[in-house]
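Visitor: I'm passing along data_17.csv; it holds CSV, C-alpha atoms.
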```
chain,number,residue,atom,x,y,z
A,265,MET,CA,-1.5,23.9,-14.9
A,266,ILE,CA,-4.7,22.3,-16.2
A,267,SER,CA,-7.0,21.0,-13.5
A,268,ASP,CA,-8.2,17.4,-13.3
A,269,VAL,CA,-11.7,18.5,-13.9
A,270,ASP,CA,-10.8,20.4,-17.1
A,271,GLN,CA,-8.8,17.3,-18.3
A,272,PHE,CA,-11.9,15.2,-17.7
A,273,CYS,CA,-14.1,17.6,-19.6
A,274,ALA,CA,-11.7,17.7,-22.5
A,275,GLN,CA,-11.7,13.9,-22.7
A,276,TYR,CA,-15.5,13.3,-22.3
A,277,ASP,CA,-17.1,16.5,-23.3
A,278,CYS,CA,-19.1,16.6,-20.1
A,279,ALA,CA,-18.5,17.6,-16.4
A,280,PRO,CA,-17.9,15.1,-13.6
A,281,SER,CA,-20.4,14.9,-10.8
A,282,LEU,CA,-18.4,12.8,-8.3
A,283,ARG,CA,-14.8,12.9,-6.9
A,284,ILE,CA,-13.5,9.9,-5.2
A,285,GLU,CA,-10.1,10.0,-3.4
A,286,ALA,CA,-8.2,7.0,-2.0
A,287,PRO,CA,-4.8,7.5,-0.3
A,288,GLY,CA,-1.6,5.4,-0.6
A,289,ARG,CA,0.0,4.0,2.5
A,290,VAL,CA,3.3,3.3,4.0
A,291,ASN,CA,3.9,0.6,6.7
A,292,LEU,CA,5.9,1.7,9.7
A,293,ILE,CA,6.5,-1.9,10.7
A,294,GLY,CA,5.1,-5.4,10.3
A,295,GLU,CA,6.1,-6.6,6.8
A,296,HIS,CA,5.1,-9.8,5.2
A,297,ILE,CA,3.1,-10.9,8.3
A,298,ASP,CA,-0.4,-9.5,7.3
A,299,TYR,CA,-1.1,-12.6,5.2
A,300,LEU,CA,0.1,-14.7,8.2
A,301,GLY,CA,-2.4,-13.3,10.7
A,302,GLY,CA,0.1,-10.8,12.4
A,303,CYS,CA,-0.4,-7.2,13.4
A,304,VAL,CA,0.9,-4.3,11.3
A,305,MET,CA,1.3,-0.5,11.7
A,306,PRO,CA,0.4,1.3,8.4
A,307,VAL,CA,-0.2,5.0,7.8
A,308,ALA,CA,-2.4,6.4,5.1
A,309,ILE,CA,-0.5,9.2,3.2
A,310,GLU,CA,-1.4,12.2,1.2
A,311,PRO,CA,-0.4,11.0,-2.3
A,312,LYS,CA,-3.6,9.4,-3.7
A,313,VAL,CA,-5.6,8.0,-6.6
A,314,THR,CA,-8.5,10.2,-7.6
A,315,LEU,CA,-11.5,9.2,-9.7
A,316,LEU,CA,-13.7,11.8,-11.4
A,317,VAL,CA,-17.0,10.3,-12.5
A,318,ALA,CA,-19.9,11.2,-14.7
A,319,PRO,CA,-22.7,8.7,-14.3
A,320,GLU,CA,-24.5,7.2,-17.4
A,321,SER,CA,-22.5,6.3,-20.5
A,322,ASP,CA,-23.7,5.1,-23.9
A,323,GLY,CA,-25.1,1.6,-23.7
A,324,GLY,CA,-24.6,1.3,-19.9
A,325,LYS,CA,-20.9,0.5,-20.2
A,326,ILE,CA,-18.1,1.7,-17.9
A,327,GLU,CA,-15.7,3.9,-19.8
A,328,LEU,CA,-12.2,4.4,-18.3
A,329,TRP,CA,-9.5,6.8,-19.1
A,330,SER,CA,-6.3,7.3,-17.2
A,331,THR,CA,-3.9,10.2,-17.5
A,332,GLU,CA,-1.1,7.6,-17.8
A,333,GLN,CA,-2.7,6.2,-20.9
A,334,ASN,CA,-2.7,9.4,-23.0
A,335,ASP,CA,-6.0,9.6,-24.9
A,336,THR,CA,-6.8,5.8,-24.8
A,337,LYS,CA,-10.2,5.0,-23.4
A,338,TYR,CA,-11.4,1.5,-22.5
A,339,LYS,CA,-15.0,0.3,-22.4
A,340,ILE,CA,-16.0,-2.5,-20.0
A,341,SER,CA,-19.4,-4.3,-20.0
A,342,PRO,CA,-20.7,-4.6,-16.4
A,343,ARG,CA,-22.1,-8.0,-17.2
A,344,ASP,CA,-19.3,-9.5,-19.3
A,345,PHE,CA,-16.0,-9.4,-17.4
A,346,ALA,CA,-12.9,-10.8,-19.0
A,347,PRO,CA,-9.3,-10.5,-17.7
A,348,ARG,CA,-6.9,-8.3,-19.7
A,349,THR,CA,-3.7,-10.1,-20.8
A,350,ILE,CA,-2.1,-7.5,-23.0
A,351,PRO,CA,0.7,-6.0,-20.9
A,352,LYS,CA,-0.4,-2.3,-21.3
A,353,GLU,CA,-4.0,-3.3,-20.4
A,354,ARG,CA,-3.2,-5.5,-17.3
A,355,TRP,CA,-3.8,-2.5,-14.9
A,356,LEU,CA,-7.5,-2.8,-15.9
A,357,ASN,CA,-7.7,-6.1,-14.0
A,358,TYR,CA,-7.8,-4.1,-10.8
A,359,PRO,CA,-11.1,-2.2,-11.5
A,360,ILE,CA,-12.5,-5.2,-13.4
A,361,GLY,CA,-11.8,-7.5,-10.5
A,362,VAL,CA,-13.5,-5.1,-8.1
A,363,MET,CA,-16.6,-4.9,-10.3
A,364,SER,CA,-16.6,-8.7,-10.5
A,365,ALA,CA,-16.4,-9.0,-6.7
A,366,TYR,CA,-19.4,-6.8,-6.3
A,367,ALA,CA,-21.3,-8.5,-9.1
A,368,GLU,CA,-20.8,-11.8,-7.2
A,369,GLN,CA,-22.8,-10.2,-4.4
A,370,GLY,CA,-25.5,-9.0,-6.7
A,371,VAL,CA,-24.3,-5.4,-6.9
A,372,MET,CA,-23.9,-4.3,-10.5
A,373,THR,CA,-21.8,-1.4,-11.7
A,374,GLN,CA,-23.8,1.3,-13.4
A,375,GLY,CA,-22.7,2.9,-16.7
A,376,CYS,CA,-20.4,5.8,-16.2
A,377,ARG,CA,-17.4,7.7,-17.5
A,378,VAL,CA,-14.3,7.6,-15.3
A,379,GLY,CA,-11.2,9.7,-15.3
A,380,ILE,CA,-8.3,8.2,-13.2
A,381,PHE,CA,-5.6,10.6,-11.8
A,382,SER,CA,-2.8,9.6,-9.4
A,383,THR,CA,0.0,11.3,-7.5
A,384,LEU,CA,1.1,7.8,-6.3
A,385,PRO,CA,4.1,6.3,-8.2
A,386,ALA,CA,3.1,2.9,-9.5
A,387,GLY,CA,5.3,0.0,-8.4
A,388,ALA,CA,6.8,2.0,-5.5
A,389,GLY,CA,5.4,-0.1,-2.7
A,390,LEU,CA,2.9,2.6,-1.7
A,391,SER,CA,-0.3,0.6,-2.4
A,392,SER,CA,-1.4,2.4,-5.6
A,393,SER,CA,-3.2,-0.9,-6.5
A,394,ALA,CA,-5.2,-1.0,-3.3
A,395,ALA,CA,-6.0,2.7,-3.7
A,396,LEU,CA,-7.3,2.1,-7.2
A,397,GLU,CA,-9.3,-0.9,-6.0
A,398,THR,CA,-10.8,1.0,-3.0
A,399,ALA,CA,-11.7,4.0,-5.2
A,400,PHE,CA,-13.6,1.8,-7.6
A,401,ALA,CA,-15.4,0.0,-4.7
A,402,LEU,CA,-16.7,3.4,-3.5
A,403,LEU,CA,-17.7,4.2,-7.0
A,404,ILE,CA,-19.8,1.0,-7.4
A,405,GLU,CA,-21.4,1.6,-4.0
A,406,GLU,CA,-22.3,5.2,-4.7
A,407,LEU,CA,-23.9,4.5,-8.1
A,408,SER,CA,-25.7,1.4,-6.9
A,409,GLY,CA,-26.9,2.9,-3.6
A,410,GLN,CA,-25.7,-0.2,-1.7
A,411,SER,CA,-22.8,0.6,0.7
A,412,CYS,CA,-20.9,-1.8,2.9
A,413,SER,CA,-18.5,-1.5,5.8
A,414,ILE,CA,-14.8,-0.6,5.5
A,415,LEU,CA,-13.9,-4.2,6.3
A,416,GLU,CA,-16.2,-5.8,3.8
A,417,ARG,CA,-15.1,-3.3,1.2
A,418,ALA,CA,-11.5,-4.2,1.9
A,419,LEU,CA,-12.2,-7.9,1.7
A,420,ARG,CA,-13.9,-7.6,-1.7
A,421,CYS,CA,-10.9,-5.6,-3.0
A,422,GLN,CA,-8.6,-8.2,-1.6
A,423,ARG,CA,-10.5,-11.0,-3.3
A,424,ALA,CA,-10.3,-9.1,-6.6
A,425,GLU,CA,-6.5,-8.8,-6.3
A,426,HIS,CA,-6.2,-12.5,-5.5
A,427,LYS,CA,-8.4,-13.7,-8.4
A,428,TRP,CA,-7.9,-11.1,-11.1
A,429,VAL,CA,-4.3,-10.0,-10.5
A,430,GLY,CA,-2.8,-13.1,-9.1
A,431,VAL,CA,-1.3,-11.6,-5.9
A,432,PRO,CA,-2.2,-13.5,-2.7
A,433,CYS,CA,-1.9,-10.3,-0.6
A,434,GLY,CA,-3.0,-9.8,3.0
A,435,ILE,CA,-5.7,-7.3,4.1
A,436,MET,CA,-3.3,-4.6,5.3
A,437,ASP,CA,-3.2,-2.4,2.2
A,438,GLN,CA,-6.9,-2.3,1.5
A,439,LEU,CA,-7.8,-1.7,5.2
A,440,SER,CA,-5.3,1.1,5.6
A,441,VAL,CA,-6.4,2.8,2.5
A,442,GLY,CA,-10.0,2.7,3.6
A,443,ALA,CA,-9.6,3.3,7.3
A,444,GLY,CA,-6.8,5.9,7.5
A,445,VAL,CA,-7.0,8.4,10.3
A,446,LYS,CA,-5.2,11.7,10.0
A,447,ASN,CA,-2.2,12.1,12.5
A,448,HIS,CA,-2.5,8.4,13.3
A,449,ALA,CA,-1.0,5.1,12.5
A,450,LEU,CA,-3.3,2.1,12.4
A,451,ARG,CA,-2.6,-1.0,14.4
A,452,ILE,CA,-4.3,-3.6,12.4
A,453,ASP,CA,-4.7,-7.1,13.7
A,454,CYS,CA,-4.9,-9.2,10.5
A,455,GLU,CA,-6.2,-12.2,12.3
A,456,ASP,CA,-9.5,-10.6,13.5
A,457,GLN,CA,-9.3,-7.5,11.2
A,458,SER,CA,-9.7,-5.1,14.2
A,459,ILE,CA,-8.2,-1.6,13.8
A,460,LYS,CA,-6.9,0.6,16.5
A,461,PRO,CA,-5.7,4.2,15.6
A,462,VAL,CA,-2.5,5.2,17.4
A,463,PRO,CA,-1.5,8.9,17.5
A,464,LEU,CA,1.8,9.7,15.8
A,465,PRO,CA,4.3,11.7,17.8
A,466,LYS,CA,4.0,15.5,17.3
A,467,GLY,CA,6.8,17.0,15.4
A,468,LEU,CA,7.7,13.9,13.4
A,469,ASN,CA,7.2,13.9,9.6
A,470,LEU,CA,7.2,11.1,7.1
A,471,VAL,CA,9.7,11.1,4.3
A,472,VAL,CA,9.2,8.6,1.5
A,473,ALA,CA,12.0,7.7,-0.9
A,474,ASP,CA,11.3,5.7,-4.1
A,475,SER,CA,14.2,3.4,-4.8
A,476,GLY,CA,13.5,3.6,-8.5
A,477,VAL,CA,13.3,-0.2,-8.7
A,478,LYS,CA,9.8,-1.2,-9.7
A,479,HIS,CA,8.4,-4.3,-8.1
A,480,ALA,CA,6.0,-6.7,-9.8
A,481,LEU,CA,4.5,-8.8,-7.1
A,482,ALA,CA,2.7,-11.2,-9.5
A,483,ASP,CA,6.1,-12.4,-10.9
A,484,GLY,CA,6.5,-15.2,-8.4
A,485,GLU,CA,8.8,-14.0,-5.6
A,486,TYR,CA,5.9,-12.9,-3.4
A,487,HIS,CA,4.2,-16.3,-3.9
A,488,GLU,CA,7.4,-18.1,-3.0
A,489,ARG,CA,7.7,-16.2,0.3
A,490,ARG,CA,4.1,-17.1,1.2
A,491,ARG,CA,4.6,-20.8,0.2
A,492,ASP,CA,7.8,-20.8,2.3
A,493,CYS,CA,5.9,-19.6,5.4
A,494,GLU,CA,3.1,-22.2,4.8
A,495,ALA,CA,5.7,-25.0,4.6
A,496,ALA,CA,7.5,-23.8,7.7
A,497,LEU,CA,4.2,-23.6,9.6
A,498,GLU,CA,3.5,-27.3,8.7
A,499,ILE,CA,6.9,-28.4,9.9
A,500,LEU,CA,6.3,-26.6,13.2
A,501,HIS,CA,3.0,-28.4,13.6
A,502,GLU,CA,0.9,-25.3,14.3
A,503,LYS,CA,-2.1,-23.7,12.6
A,504,SER,CA,-1.2,-20.1,13.4
A,505,TRP,CA,2.0,-18.1,13.6
A,506,ARG,CA,0.6,-16.3,16.6
A,507,ASN,CA,1.2,-19.6,18.6
A,508,ILE,CA,4.9,-19.9,17.7
A,509,SER,CA,7.8,-18.5,19.8
A,510,LEU,CA,11.3,-17.7,18.7
A,511,GLU,CA,12.5,-20.5,21.0
A,512,SER,CA,10.3,-23.0,19.0
A,513,VAL,CA,11.8,-21.8,15.7
A,514,LEU,CA,15.3,-22.2,17.1
A,515,LYS,CA,14.6,-25.6,18.5
A,516,ASN,CA,13.4,-26.8,15.0
A,517,GLN,CA,16.2,-25.1,13.0
A,518,GLU,CA,17.5,-28.4,11.6
A,519,ALA,CA,14.1,-29.7,10.6
A,520,LEU,CA,13.3,-26.4,8.9
A,521,GLY,CA,16.5,-26.1,6.9
A,522,ASP,CA,18.3,-22.9,6.2
A,523,ARG,CA,15.8,-21.1,4.0
A,524,LEU,CA,12.6,-21.9,6.0
A,525,PHE,CA,14.4,-21.3,9.2
A,526,LYS,CA,15.2,-17.8,8.1
A,527,ARG,CA,11.7,-17.2,6.9
A,528,ALA,CA,10.3,-18.4,10.2
A,529,ARG,CA,12.7,-16.3,12.3
A,530,HIS,CA,11.6,-13.2,10.4
A,531,VAL,CA,7.9,-13.9,11.0
A,532,VAL,CA,8.1,-14.5,14.7
A,533,THR,CA,10.6,-11.6,15.4
A,534,GLU,CA,8.6,-9.2,13.2
A,535,MET,CA,5.4,-10.0,15.1
A,536,GLN,CA,7.1,-9.2,18.3
A,537,ARG,CA,8.6,-6.0,16.9
A,538,VAL,CA,5.2,-4.7,16.0
A,539,ASN,CA,4.1,-5.1,19.6
A,540,ASP,CA,7.2,-3.4,20.9
A,541,PHE,CA,6.9,-0.6,18.3
A,542,SER,CA,3.3,0.0,19.2
A,543,ASP,CA,4.2,0.5,22.8
A,544,ALA,CA,7.1,2.7,21.9
A,545,LEU,CA,4.8,4.9,19.7
A,546,ILE,CA,2.3,5.3,22.5
A,547,ASN,CA,5.0,6.2,25.0
A,548,ASN,CA,6.9,8.5,22.6
A,549,GLN,CA,10.1,6.4,22.8
A,550,ILE,CA,11.7,7.6,19.6
A,551,SER,CA,15.1,5.9,20.0
A,552,LYS,CA,13.3,2.5,20.6
A,553,MET,CA,11.2,3.1,17.5
A,554,ALA,CA,14.4,3.7,15.5
A,555,ARG,CA,16.1,0.5,16.8
A,556,LEU,CA,13.0,-1.6,15.9
A,557,MET,CA,12.7,-0.1,12.4
A,558,ARG,CA,16.4,-0.9,11.8
A,559,ALA,CA,16.0,-4.5,13.1
A,560,SER,CA,12.9,-4.9,10.9
A,561,HIS,CA,14.8,-3.8,7.8
A,562,ASN,CA,17.7,-6.1,8.6
A,563,SER,CA,15.4,-9.0,9.0
A,564,LEU,CA,13.7,-8.3,5.7
A,565,ARG,CA,17.1,-8.1,4.1
A,566,ASP,CA,18.8,-11.1,5.6
A,567,ASP,CA,16.0,-13.5,6.6
A,568,PHE,CA,13.1,-12.8,4.3
A,569,GLU,CA,15.4,-11.7,1.4
A,570,VAL,CA,13.1,-9.1,-0.1
A,571,SER,CA,15.2,-6.0,0.0
A,572,CYS,CA,17.6,-4.8,-2.7
A,573,TYR,CA,20.8,-2.8,-2.8
A,574,GLU,CA,18.9,0.5,-3.5
A,575,LEU,CA,16.7,0.1,-0.5
A,576,ASP,CA,19.7,-0.8,1.7
A,577,VAL,CA,21.6,2.3,0.6
A,578,LEU,CA,18.6,4.5,1.4
A,579,VAL,CA,18.1,2.9,4.9
A,580,ASP,CA,21.8,3.1,5.7
A,581,ALA,CA,21.8,6.8,4.6
A,582,GLY,CA,18.9,7.5,6.9
A,583,PHE,CA,20.7,6.1,10.0
A,584,THR,CA,24.0,7.8,8.9
A,585,PHE,CA,22.2,11.2,9.1
A,586,GLY,CA,22.0,10.6,12.9
A,587,ALA,CA,19.5,10.7,15.7
A,588,ARG,CA,21.1,13.9,17.1
A,589,LYS,CA,20.2,15.7,13.9
A,590,GLY,CA,16.6,14.6,14.1
A,591,HIS,CA,16.4,11.2,12.4
A,592,ALA,CA,14.0,8.8,14.1
A,593,GLY,CA,13.9,5.6,12.1
A,594,SER,CA,14.2,4.2,8.6
A,595,ARG,CA,13.3,0.9,6.9
A,596,MET,CA,12.0,-0.5,3.6
A,597,THR,CA,8.2,-0.3,3.4
A,598,GLY,CA,5.9,-2.6,1.4
A,599,ALA,CA,6.5,-6.1,0.1
A,600,GLY,CA,10.0,-5.3,-1.2
A,601,PHE,CA,11.7,-6.5,-4.4
A,602,GLY,CA,12.1,-2.7,-5.0
A,603,GLY,CA,9.7,0.0,-4.0
A,604,SER,CA,10.3,2.6,-1.3
A,605,THR,CA,11.8,3.3,2.1
A,606,ILE,CA,10.0,5.2,4.9
A,607,HIS,CA,11.9,7.6,7.2
A,608,LEU,CA,10.7,9.3,10.4
A,609,VAL,CA,12.3,12.7,10.9
A,610,HIS,CA,11.7,15.8,13.0
A,611,GLU,CA,9.9,18.4,10.9
A,612,SER,CA,12.6,21.0,11.5
A,613,ILE,CA,15.2,19.1,9.6
A,614,ALA,CA,13.1,17.4,6.9
A,615,SER,CA,14.4,19.4,4.0
A,616,ASN,CA,18.0,18.8,5.1
A,617,PHE,CA,17.3,15.1,5.4
A,618,ILE,CA,15.8,14.9,1.9
A,619,GLU,CA,18.9,16.6,0.5
A,620,HIS,CA,21.1,14.1,2.4
A,621,LEU,CA,19.2,11.1,1.0
A,622,GLY,CA,19.4,12.6,-2.5
A,623,ALA,CA,23.1,13.1,-2.3
A,624,ARG,CA,23.8,9.6,-1.1
A,625,TYR,CA,21.5,8.1,-3.7
A,626,HIS,CA,23.1,10.1,-6.5
A,627,GLU,CA,26.6,9.2,-5.3
A,628,ALA,CA,25.7,5.5,-5.4
A,629,PHE,CA,23.6,5.3,-8.6
A,630,GLU,CA,24.3,8.5,-10.5
A,631,ARG,CA,20.6,9.3,-10.9
A,632,GLU,CA,18.1,11.6,-9.1
A,633,LEU,CA,16.1,10.3,-6.2
A,634,ASN,CA,12.3,10.7,-6.1
A,635,CYS,CA,11.9,11.6,-2.5
A,636,PHE,CA,9.0,13.5,-0.8
A,637,LEU,CA,7.7,14.7,2.5
A,638,THR,CA,4.1,13.7,3.4
A,639,GLN,CA,1.7,13.8,6.3
A,640,SER,CA,-0.7,11.1,7.5
A,641,SER,CA,-4.1,11.2,5.8
A,642,HIS,CA,-7.7,10.2,6.3
A,643,GLY,CA,-9.0,7.2,4.4
A,644,ALA,CA,-10.8,6.9,1.1
A,645,HIS,CA,-13.8,9.1,0.7
A,646,ILE,CA,-16.3,10.5,-1.9
A,647,ARG,CA,-17.9,13.8,-2.5
A,648,SER,CA,-20.4,15.3,-4.9
A,649,LEU,CA,-19.3,17.8,-7.5
A,650,SER,CA,-22.8,18.6,-8.8
A,651,THR,CA,-22.4,22.3,-8.2
A,652,LEU,CA,-18.9,22.5,-9.8
A,653,LYS,CA,-18.5,24.3,-13.0
A,654,PRO,CA,-15.4,23.5,-15.1
A,655,ALA,CA,-13.1,26.5,-16.1
A,656,LEU,CA,-13.6,26.5,-19.9
```
If you took the structure in this file and wrote it as structure tokens, what would it be?
Guide:
Amino acid sequence: MISDVDQFCAQYDCAPSLRIEAPGRVNLIGEHIDYLGGCVMPVAIEPKVTLLVAPESDGGKIELWSTEQNDTKYKISPRDFAPRTIPKERWLNYPIGVMSAYAEQGVMTQGCRVGIFSTLPAGAGLSSSAALETAFALLIEELSGQSCSILERALRCQRAEHKWVGVPCGIMDQLSVGAGVKNHALRIDCEDQSIKPVPLPKGLNLVVADSGVKHALADGEYHERRRDCEAALEILHEKSWRNISLESVLKNQEALGDRLFKRARHVVTEMQRVNDFSDALINNQISKMARLMRASHNSLRDDFEVSCYELDVLVDAGFTFGARKGHAGSRMTGAGFGGSTIHLVHESIASNFIEHLGARYHEAFERELNCFLTQSSHGAHIRSLSTLKPAL
């Protein structure tokens, strides 16, 4: 198998001097409440986006090549940003948006050649976009010599996604990609952006199953959910969802109407589930964690209406496997409308569990399931390859 360094050398006829790696993430619980000031519990995972970089390109431009684009290279001027509207080029708006966000702060991207490699499936709800954004943010900082904190980096990446991609995302994805701690989940308070690492129980592994349904968050559904929540908050006469109880939502059911009532019920119950899950995680209460993950998925399916049949089949298959056999919780992860499910299982039965999910998925849809075992990972980082010699 040809290494990424050798692929870079073949494309650019030079060796890279920097490697930047940014992990994907799964969210154990706390969905669609990051942009509402709630708390979330993501985990950085091993699949990642990798940038190989050779500083200085002709004319000071940034030259990009991705393994998913065959031999096509794109050149971007660091002083003349323009959004890409051609479908096959829209992915470029992620790095362009990040470059623009730094340029607004007076930090210009230096000329370089970049090779983009990924083991994260795009559109699977595993934050491949946030990983790409964060990797480019680290690249800009490294070449400019002007670094910033994990939080400020995440905020710049978030602004880039809002402005250049059109997704009004919360801060969870960018923070979890940047601040991941191995063997830990992160309890992120999206109101004050504080981060508390919480150890994961020993002996539990993460299994991720890609439903095969690719989500596109800029297509309107994500925006609609956020607008629904804003409308519900106005009806409830509050400025923050953190001030609202389930009793208040129930009392205002008629004023909210059916759709906004369901959206509000998901938000307040999911916020409480995060608190309960965090306590269960700290106290190693596995059965409680499983119940909360099931309740979270049901709420996302029924009240927030962001699940799909493929996700529901995978979650049901997880619970059918059984706690006695080593299953410790399943739910959809990410914004939904497709994407992936996350399953907590004891390491001794992980391979059997993956076979079980694959069989149920094939029975339901007559196609193979992309399912993998992963560990928690550290956050995005950069290292020098100046002493590395490519194998020619």
Visitor: Could you give me, as number ranges by chain, the residues within 6 Å of region 564-580 of chain A, counting only C-alpha atoms and dropping anything in the same chain fewer than 6 positions from it?
Guide: A: 475, 526-527, 530, 594-595, 600-601
Visitor: For region 437-450 of chain A, find every residue with an atom within 9 Å (counting only C-alpha atoms), except residues of its own chain fewer than 5 positions away, and show them as a PyMOL selection string.
Guide: chain A and resi 286-292+304-309+390-391+393-395+397-398+414-415+417-419+421-422+457+459-466+639-645
Visitor: Taking into account all atoms listed in the file, which residue in the set A:Arg377, A:His296, A:Lys478, A:Arg354 is nearest to Asp492 (chain A)?
Guide: A:His296
Visitor: Mind giving me the straight-line distance from CA of Glu488 (chain A) to CA of Gly521 (chain A) in Å, one decimal?
Guide: 15.6 Å
Visitor: Nearest residue to Leu470 (chain A) out of A:Pro385, A:Gly375, A:Gly593, A:Gly484, using all atoms listed in the file?
Guide: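 Result for the nearest residue to Leu470 (chain A): A:Gly593.
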Visitor: Measuring between all atoms listed in the file, which one of A:Trp428, A:Tyr486, A:Asn634, A:Thr331 shows the shortest distance to Arg348 (chain A)?
Guide: A:Trp428
Visitor: From the list A:Cys376, A:Leu300, A:Met596, A:Ala623, which residue is nearest Asn507 (chain A) when using all atoms listed in the file?
Guide: A:Leu300
Visitor: Counting all atoms listed in the file, figure out which residue out of A:Ala388, A:Ile293, A:Ala554, A:Ile404 gets nearest to Asn539 (chain A).
Guide: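 Looking at the shortest contact to Asn539 (chain A), the residue is A:Ile293.
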Visitor: Please, which residues are within 6 Å of (6.0, 13.9, 11.1) by the file's coordinates, counting only C-alpha atoms, and could they come as JSON, numbers by chain?
Guide: {"A": [467, 468, 469, 470, 611]}
Visitor: Find the distance between CA of Ser382 (chain A) and CA of Asp268 (chain A) and write it in Å to one decimal.
Guide: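 Those two atoms sit 10.3 Å apart.
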Visitor: Separation of CA of Pro347 (chain A) and CA of Arg490 (chain A), in Å?
Guide: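 Taking CA of Pro347 (chain A) and CA of Arg490 (chain A), their separation equals 24.1 Å.
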Visitor: Would you fill the gaps in region 387-400 of chain A so it has N, CA and C atoms, then print it as a short mmCIF file (atom, residue, chain, number, x, y, z; two decimals), keeping the file's coordinate frame?
Guide:
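The resulting file, result35.cif, is reproduced below:
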```cif
data_model
loop_
_atom_site.label_atom_id
_atom_site.label_comp_id
_atom_site.auth_asym_id
_atom_site.auth_seq_id
_atom_site.Cartn_x
_atom_site.Cartn_y
_atom_site.Cartn_z
N GLY A 387 4.18 0.89 -8.62
CA GLY A 387 5.30 0.00 -8.40
C GLY A 387 6.28 0.43 -7.37
N ALA A 388 5.91 1.42 -6.56
CA ALA A 388 6.80 2.00 -5.50
C ALA A 388 6.53 1.42 -4.15
N GLY A 389 5.66 0.45 -4.04
CA GLY A 389 5.40 -0.10 -2.70
C GLY A 389 4.51 0.74 -1.86
N LEU A 390 3.71 1.64 -2.46
CA LEU A 390 2.90 2.60 -1.70
C LEU A 390 1.39 2.29 -1.85
N SER A 391 1.08 1.09 -2.30
CA SER A 391 -0.30 0.60 -2.40
C SER A 391 -1.15 1.39 -3.41
N SER A 392 -0.56 1.73 -4.54
CA SER A 392 -1.40 2.40 -5.60
C SER A 392 -2.45 1.41 -6.08
N SER A 393 -2.18 0.11 -6.09
CA SER A 393 -3.20 -0.90 -6.50
C SER A 393 -4.37 -0.90 -5.56
N ALA A 394 -4.09 -0.93 -4.25
CA ALA A 394 -5.20 -1.00 -3.30
C ALA A 394 -5.96 0.33 -3.28
N ALA A 395 -5.29 1.45 -3.55
CA ALA A 395 -6.00 2.70 -3.70
C ALA A 395 -6.94 2.72 -4.84
N LEU A 396 -6.48 2.19 -5.98
CA LEU A 396 -7.30 2.10 -7.20
C LEU A 396 -8.52 1.19 -6.91
N GLU A 397 -8.26 0.05 -6.28
CA GLU A 397 -9.30 -0.90 -6.00
C GLU A 397 -10.38 -0.25 -5.05
N THR A 398 -9.91 0.40 -4.01
CA THR A 398 -10.80 1.00 -3.00
C THR A 398 -11.65 2.11 -3.64
N ALA A 399 -11.01 2.91 -4.48
CA ALA A 399 -11.70 4.00 -5.20
C ALA A 399 -12.85 3.43 -6.03
N PHE A 400 -12.57 2.36 -6.75
CA PHE A 400 -13.60 1.80 -7.60
C PHE A 400 -14.71 1.12 -6.75
#
```
